[in-house]
Amino acid sequence: MARDPLYRLLAWLSPAYPIGAFSYSHGVETAIEEGFIRDRASLIAWLRSVVAEGTGRVDGALFAAAWRAASEKDWVAFDTIAERAAAWRGTSEMALESRQQGGSFLSITRTAWPHAELDAADLRLHGEIALPVAVALAAAVHAIPLEAALGGYLHAFAANLISAAVRAVPLGQSDGQRALAALENTVNETVAAALAVESLDEVGTATPLLDWCSLRHETQYTRLFRS
């Protein structure tokens, strides 16, 4: 990967990129309150499921499909994928999480790394775009290879949930990094699985407890996160 695309990818997936990712826990907050996540080992087990069988699996497939459509400038296919991604959420909080971050990502990227296709997509979709589709679009039009972009995206997804757990369990920073290291193979395997998907109709999830935690979070008495 050329130096400039790598620089852009690192910037976009940094926790400092202003899309508000720090304010979402993707059900982790409820999982902690219910006792499903208690320590580093249970956090790793939870996130392996979320990445490989849940949101990571679905978002990875959406990301790959959106990147390929954008690279081929097949905007009809891209918009269809974007529409599916917007609807492919089990709860209102999950939908808000992806939509808000996706819109923020597209907005700041259009400002800092402008491209005509980003502007065109924003106009067509009225600023409503799921995060994996938004990042895939930016990566494609800025010539960042699919595998590297998708790997970075899923790494950032896992790292953000670990950050939420470090704050809410709480865990030490060392435990957080050890958890991230333990998820390396899971992330890589999820990337490979997403790249092998031939049709989005083949993709599904197997994490009903994640959806249950998200539903519980909507009415949780004390909340630090928005999801």
# chains A, B, ... in the order shown; residues from 1 in each chain; ligands from 1
$ residues_around --residues "A:Glu147" --least-positions-apart "6" --cutoff "12 Å" --atoms "only C-alpha atoms" --output "PDB file with N, CA, C and O atoms, in the first residue's frame"
ATOM      1  N   MET A   1       0.850  -1.187   0.000  1.00  0.00           N
ATOM      2  CA  MET A   1       0.000   0.000   0.000  1.00  0.00           C
ATOM      3  C   MET A   1       0.893   1.246   0.000  1.00  0.00           C
ATOM      4  O   MET A   1       1.836   1.353   0.763  1.00  0.00           O
ATOM      5  N   LEU A   9      -5.799   5.828   5.827  1.00  0.00           N
ATOM      6  CA  LEU A   9      -6.478   4.743   6.527  1.00  0.00           C
ATOM      7  C   LEU A   9      -6.237   4.822   8.030  1.00  0.00           C
ATOM      8  O   LEU A   9      -7.165   4.681   8.833  1.00  0.00           O
ATOM      9  N   GLY A  60     -18.468  -6.804   7.820  1.00  0.00           N
ATOM     10  CA  GLY A  60     -17.376  -7.173   6.931  1.00  0.00           C
ATOM     11  C   GLY A  60     -17.870  -7.470   5.531  1.00  0.00           C
ATOM     12  O   GLY A  60     -17.282  -7.025   4.528  1.00  0.00           O
ATOM     13  N   ALA A  61     -18.963  -8.214   5.432  1.00  0.00           N
ATOM     14  CA  ALA A  61     -19.528  -8.541   4.122  1.00  0.00           C
ATOM     15  C   ALA A  61     -20.063  -7.293   3.427  1.00  0.00           C
ATOM     16  O   ALA A  61     -19.878  -7.113   2.213  1.00  0.00           O
ATOM     17  N   PHE A  63     -19.029  -4.230   3.934  1.00  0.00           N
ATOM     18  CA  PHE A  63     -17.854  -3.424   3.586  1.00  0.00           C
ATOM     19  C   PHE A  63     -17.266  -3.904   2.268  1.00  0.00           C
ATOM     20  O   PHE A  63     -16.997  -3.096   1.353  1.00  0.00           O
ATOM     21  N   ALA A  64     -17.028  -5.210   2.152  1.00  0.00           N
ATOM     22  CA  ALA A  64     -16.413  -5.750   0.936  1.00  0.00           C
ATOM     23  C   ALA A  64     -17.285  -5.498  -0.288  1.00  0.00           C
ATOM     24  O   ALA A  64     -16.789  -5.098  -1.355  1.00  0.00           O
ATOM     25  N   ALA A  65     -18.590  -5.724  -0.149  1.00  0.00           N
ATOM     26  CA  ALA A  65     -19.496  -5.507  -1.275  1.00  0.00           C
ATOM     27  C   ALA A  65     -19.536  -4.035  -1.681  1.00  0.00           C
ATOM     28  O   ALA A  65     -19.519  -3.702  -2.870  1.00  0.00           O
ATOM     29  N   TRP A  67     -17.183  -1.732  -1.138  1.00  0.00           N
ATOM     30  CA  TRP A  67     -15.885  -1.355  -1.714  1.00  0.00           C
ATOM     31  C   TRP A  67     -15.808  -1.771  -3.177  1.00  0.00           C
ATOM     32  O   TRP A  67     -15.365  -1.004  -4.036  1.00  0.00           O
ATOM     33  N   ARG A  68     -16.232  -2.992  -3.467  1.00  0.00           N
ATOM     34  CA  ARG A  68     -16.160  -3.487  -4.844  1.00  0.00           C
ATOM     35  C   ARG A  68     -17.076  -2.687  -5.768  1.00  0.00           C
ATOM     36  O   ARG A  68     -16.695  -2.337  -6.890  1.00  0.00           O
ATOM     37  N   ALA A 136     -15.925   2.030   3.569  1.00  0.00           N
ATOM     38  CA  ALA A 136     -15.602   1.301   2.341  1.00  0.00           C
ATOM     39  C   ALA A 136     -15.594   2.243   1.140  1.00  0.00           C
ATOM     40  O   ALA A 136     -14.719   2.142   0.269  1.00  0.00           O
ATOM     41  N   ALA A 139     -12.437   4.376   1.264  1.00  0.00           N
ATOM     42  CA  ALA A 139     -11.269   3.566   0.937  1.00  0.00           C
ATOM     43  C   ALA A 139     -11.201   3.287  -0.556  1.00  0.00           C
ATOM     44  O   ALA A 139     -10.120   3.364  -1.170  1.00  0.00           O
ATOM     45  N   ALA A 140     -12.326   2.977  -1.166  1.00  0.00           N
ATOM     46  CA  ALA A 140     -12.338   2.654  -2.589  1.00  0.00           C
ATOM     47  C   ALA A 140     -11.959   3.850  -3.449  1.00  0.00           C
ATOM     48  O   ALA A 140     -11.116   3.738  -4.351  1.00  0.00           O
ATOM     49  N   TYR A 153     -10.661  -1.739   9.517  1.00  0.00           N
ATOM     50  CA  TYR A 153     -11.996  -1.429  10.021  1.00  0.00           C
ATOM     51  C   TYR A 153     -12.390  -2.365  11.154  1.00  0.00           C
ATOM     52  O   TYR A 153     -12.877  -1.922  12.208  1.00  0.00           O
ATOM     53  N   LEU A 154     -12.202  -3.669  10.967  1.00  0.00           N
ATOM     54  CA  LEU A 154     -12.593  -4.628  11.996  1.00  0.00           C
ATOM     55  C   LEU A 154     -11.696  -4.530  13.230  1.00  0.00           C
ATOM     56  O   LEU A 154     -12.155  -4.735  14.362  1.00  0.00           O
ATOM     57  N   VAL A 187     -10.134 -11.531  14.037  1.00  0.00           N
ATOM     58  CA  VAL A 187     -10.288 -10.444  13.063  1.00  0.00           C
ATOM     59  C   VAL A 187      -9.819 -10.896  11.689  1.00  0.00           C
ATOM     60  O   VAL A 187     -10.508 -10.686  10.678  1.00  0.00           O
ATOM     61  N   ASN A 188      -8.652 -11.527  11.619  1.00  0.00           N
ATOM     62  CA  ASN A 188      -8.124 -11.973  10.329  1.00  0.00           C
ATOM     63  C   ASN A 188      -9.044 -13.001   9.672  1.00  0.00           C
ATOM     64  O   ASN A 188      -9.261 -12.972   8.445  1.00  0.00           O
ATOM     65  N   GLU A 189      -9.572 -13.919  10.465  1.00  0.00           N
ATOM     66  CA  GLU A 189     -10.485 -14.926   9.921  1.00  0.00           C
ATOM     67  C   GLU A 189     -11.791 -14.294   9.440  1.00  0.00           C
ATOM     68  O   GLU A 189     -12.369 -14.719   8.430  1.00  0.00           O
ATOM     69  N   THR A 190     -12.249 -13.272  10.139  1.00  0.00           N
ATOM     70  CA  THR A 190     -13.472 -12.588   9.731  1.00  0.00           C
ATOM     71  C   THR A 190     -13.260 -11.806   8.447  1.00  0.00           C
ATOM     72  O   THR A 190     -14.154 -11.742   7.593  1.00  0.00           O
ATOM     73  N   VAL A 191     -12.084 -11.218   8.292  1.00  0.00           N
ATOM     74  CA  VAL A 191     -11.741 -10.552   7.037  1.00  0.00           C
ATOM     75  C   VAL A 191     -11.779 -11.559   5.887  1.00  0.00           C
ATOM     76  O   VAL A 191     -12.391 -11.312   4.837  1.00  0.00           O
ATOM     77  N   ALA A 192     -11.128 -12.698   6.072  1.00  0.00           N
ATOM     78  CA  ALA A 192     -11.099 -13.719   5.022  1.00  0.00           C
ATOM     79  C   ALA A 192     -12.504 -14.204   4.677  1.00  0.00           C
ATOM     80  O   ALA A 192     -12.842 -14.400   3.497  1.00  0.00           O
ATOM     81  N   ALA A 193     -13.334 -14.398   5.690  1.00  0.00           N
ATOM     82  CA  ALA A 193     -14.705 -14.851   5.452  1.00  0.00           C
ATOM     83  C   ALA A 193     -15.496 -13.808   4.673  1.00  0.00           C
ATOM     84  O   ALA A 193     -16.267 -14.140   3.761  1.00  0.00           O
ATOM     85  N   ALA A 194     -15.310 -12.529   5.008  1.00  0.00           N
ATOM     86  CA  ALA A 194     -16.025 -11.451   4.316  1.00  0.00           C
ATOM     87  C   ALA A 194     -15.598 -11.354   2.856  1.00  0.00           C
ATOM     88  O   ALA A 194     -16.431 -11.147   1.965  1.00  0.00           O
ATOM     89  N   LEU A 195     -14.321 -11.510   2.606  1.00  0.00           N
ATOM     90  CA  LEU A 195     -13.821 -11.434   1.233  1.00  0.00           C
ATOM     91  C   LEU A 195     -14.337 -12.579   0.378  1.00  0.00           C
ATOM     92  O   LEU A 195     -14.422 -12.464  -0.852  1.00  0.00           O
ATOM     93  N   ALA A 196     -14.672 -13.691   1.009  1.00  0.00           N
ATOM     94  CA  ALA A 196     -15.131 -14.878   0.269  1.00  0.00           C
ATOM     95  C   ALA A 196     -16.632 -14.865  -0.014  1.00  0.00           C
ATOM     96  O   ALA A 196     -17.118 -15.711  -0.770  1.00  0.00           O
TER      97      ALA A 196
END
$ residues_around --residues "stretch 202-216 of chain A" --least-positions-apart "5" --cutoff "10 Å" --atoms "only C-alpha atoms" --output "PyMOL selection string"
chain A and resi 25-34+36+46+49-59+61-62+88-94+194+197+221+227
$ atom_distance --atom1 "atom CA of A:Asn185" --atom2 "atom CA of A:Leu150"
14.2 Å
$ atom_distance --atom1 "atom CA of A:Ala159" --atom2 "atom CA of A:Ala179"
9.0 Å
$ closest_residue --among "A:Gly127, A:Ser71, A:Arg8, A:Arg40" --to "A:Val166" --atoms "only C-alpha atoms"
A:Arg40
$ atom_distance --atom1 "atom CA of A:Asp39" --atom2 "atom CA of A:His155"
20.3 Å
$ residues_around --residues "A:Ala82" --least-positions-apart "5" --cutoff "10 Å" --atoms "only C-alpha atoms" --output "ChimeraX atom specification"
/A:62-63,65-66,76-77,87-88,121,125,128-134
$ write_last_selection --atoms "N, CA and C atoms" --output "PDB file, in the first residue's frame"
ATOM      1  N   LEU A  62     -20.735  -6.428   4.179  1.00  0.00           N
ATOM      2  CA  LEU A  62     -21.232  -5.170   3.610  1.00  0.00           C
ATOM      3  C   LEU A  62     -20.078  -4.296   3.136  1.00  0.00           C
ATOM      4  N   PHE A  63     -19.029  -4.230   3.934  1.00  0.00           N
ATOM      5  CA  PHE A  63     -17.854  -3.424   3.586  1.00  0.00           C
ATOM      6  C   PHE A  63     -17.266  -3.904   2.268  1.00  0.00           C
ATOM      7  N   ALA A  65     -18.590  -5.724  -0.149  1.00  0.00           N
ATOM      8  CA  ALA A  65     -19.496  -5.507  -1.275  1.00  0.00           C
ATOM      9  C   ALA A  65     -19.536  -4.035  -1.681  1.00  0.00           C
ATOM     10  N   ALA A  66     -19.588  -3.137  -0.697  1.00  0.00           N
ATOM     11  CA  ALA A  66     -19.627  -1.702  -0.992  1.00  0.00           C
ATOM     12  C   ALA A  66     -18.321  -1.242  -1.637  1.00  0.00           C
ATOM     13  N   VAL A  76     -25.456   2.199  -8.762  1.00  0.00           N
ATOM     14  CA  VAL A  76     -26.764   1.585  -8.487  1.00  0.00           C
ATOM     15  C   VAL A  76     -26.590   0.447  -7.484  1.00  0.00           C
ATOM     16  N   ALA A  77     -25.584  -0.400  -7.719  1.00  0.00           N
ATOM     17  CA  ALA A  77     -25.301  -1.493  -6.784  1.00  0.00           C
ATOM     18  C   ALA A  77     -24.867  -0.949  -5.431  1.00  0.00           C
ATOM     19  N   ALA A  87     -30.764  -0.919   6.878  1.00  0.00           N
ATOM     20  CA  ALA A  87     -31.862  -1.695   7.446  1.00  0.00           C
ATOM     21  C   ALA A  87     -31.391  -2.904   8.246  1.00  0.00           C
ATOM     22  N   TRP A  88     -30.124  -3.272   8.081  1.00  0.00           N
ATOM     23  CA  TRP A  88     -29.620  -4.519   8.643  1.00  0.00           C
ATOM     24  C   TRP A  88     -29.133  -4.320  10.078  1.00  0.00           C
ATOM     25  N   ALA A 121     -22.241  10.653  -3.307  1.00  0.00           N
ATOM     26  CA  ALA A 121     -22.916   9.668  -2.466  1.00  0.00           C
ATOM     27  C   ALA A 121     -23.701  10.351  -1.347  1.00  0.00           C
ATOM     28  N   LEU A 125     -27.690   9.826  -0.963  1.00  0.00           N
ATOM     29  CA  LEU A 125     -28.171   9.126   0.224  1.00  0.00           C
ATOM     30  C   LEU A 125     -28.665  10.083   1.311  1.00  0.00           C
ATOM     31  N   GLU A 128     -27.445   9.829   4.952  1.00  0.00           N
ATOM     32  CA  GLU A 128     -27.803   8.653   5.753  1.00  0.00           C
ATOM     33  C   GLU A 128     -27.016   7.451   5.222  1.00  0.00           C
ATOM     34  N   ILE A 129     -25.993   7.047   5.961  1.00  0.00           N
ATOM     35  CA  ILE A 129     -25.151   5.950   5.495  1.00  0.00           C
ATOM     36  C   ILE A 129     -24.571   5.205   6.694  1.00  0.00           C
ATOM     37  N   ALA A 130     -24.597   3.880   6.632  1.00  0.00           N
ATOM     38  CA  ALA A 130     -24.044   3.060   7.707  1.00  0.00           C
ATOM     39  C   ALA A 130     -22.522   3.162   7.695  1.00  0.00           C
ATOM     40  N   LEU A 131     -21.917   3.030   8.855  1.00  0.00           N
ATOM     41  CA  LEU A 131     -20.472   3.228   8.984  1.00  0.00           C
ATOM     42  C   LEU A 131     -19.647   2.319   8.074  1.00  0.00           C
ATOM     43  N   PRO A 132     -19.880   0.993   8.015  1.00  0.00           N
ATOM     44  CA  PRO A 132     -19.024   0.178   7.161  1.00  0.00           C
ATOM     45  C   PRO A 132     -19.092   0.579   5.694  1.00  0.00           C
ATOM     46  N   VAL A 133     -20.244   1.020   5.243  1.00  0.00           N
ATOM     47  CA  VAL A 133     -20.403   1.440   3.855  1.00  0.00           C
ATOM     48  C   VAL A 133     -19.683   2.761   3.617  1.00  0.00           C
ATOM     49  N   ALA A 134     -19.753   3.662   4.581  1.00  0.00           N
ATOM     50  CA  ALA A 134     -19.074   4.954   4.448  1.00  0.00           C
ATOM     51  C   ALA A 134     -17.559   4.779   4.380  1.00  0.00           C
TER      52      ALA A 134
END
$ select_by_dssp --residues "chain A" --states "helix (DSSP H, G or I)" --output "number ranges by chain"
A: 3-12, 21-23, 28-33, 40-53, 55-71, 75-87, 92-112, 116-125, 131-141, 146-168, 173-182, 184-196, 200-202, 208-217
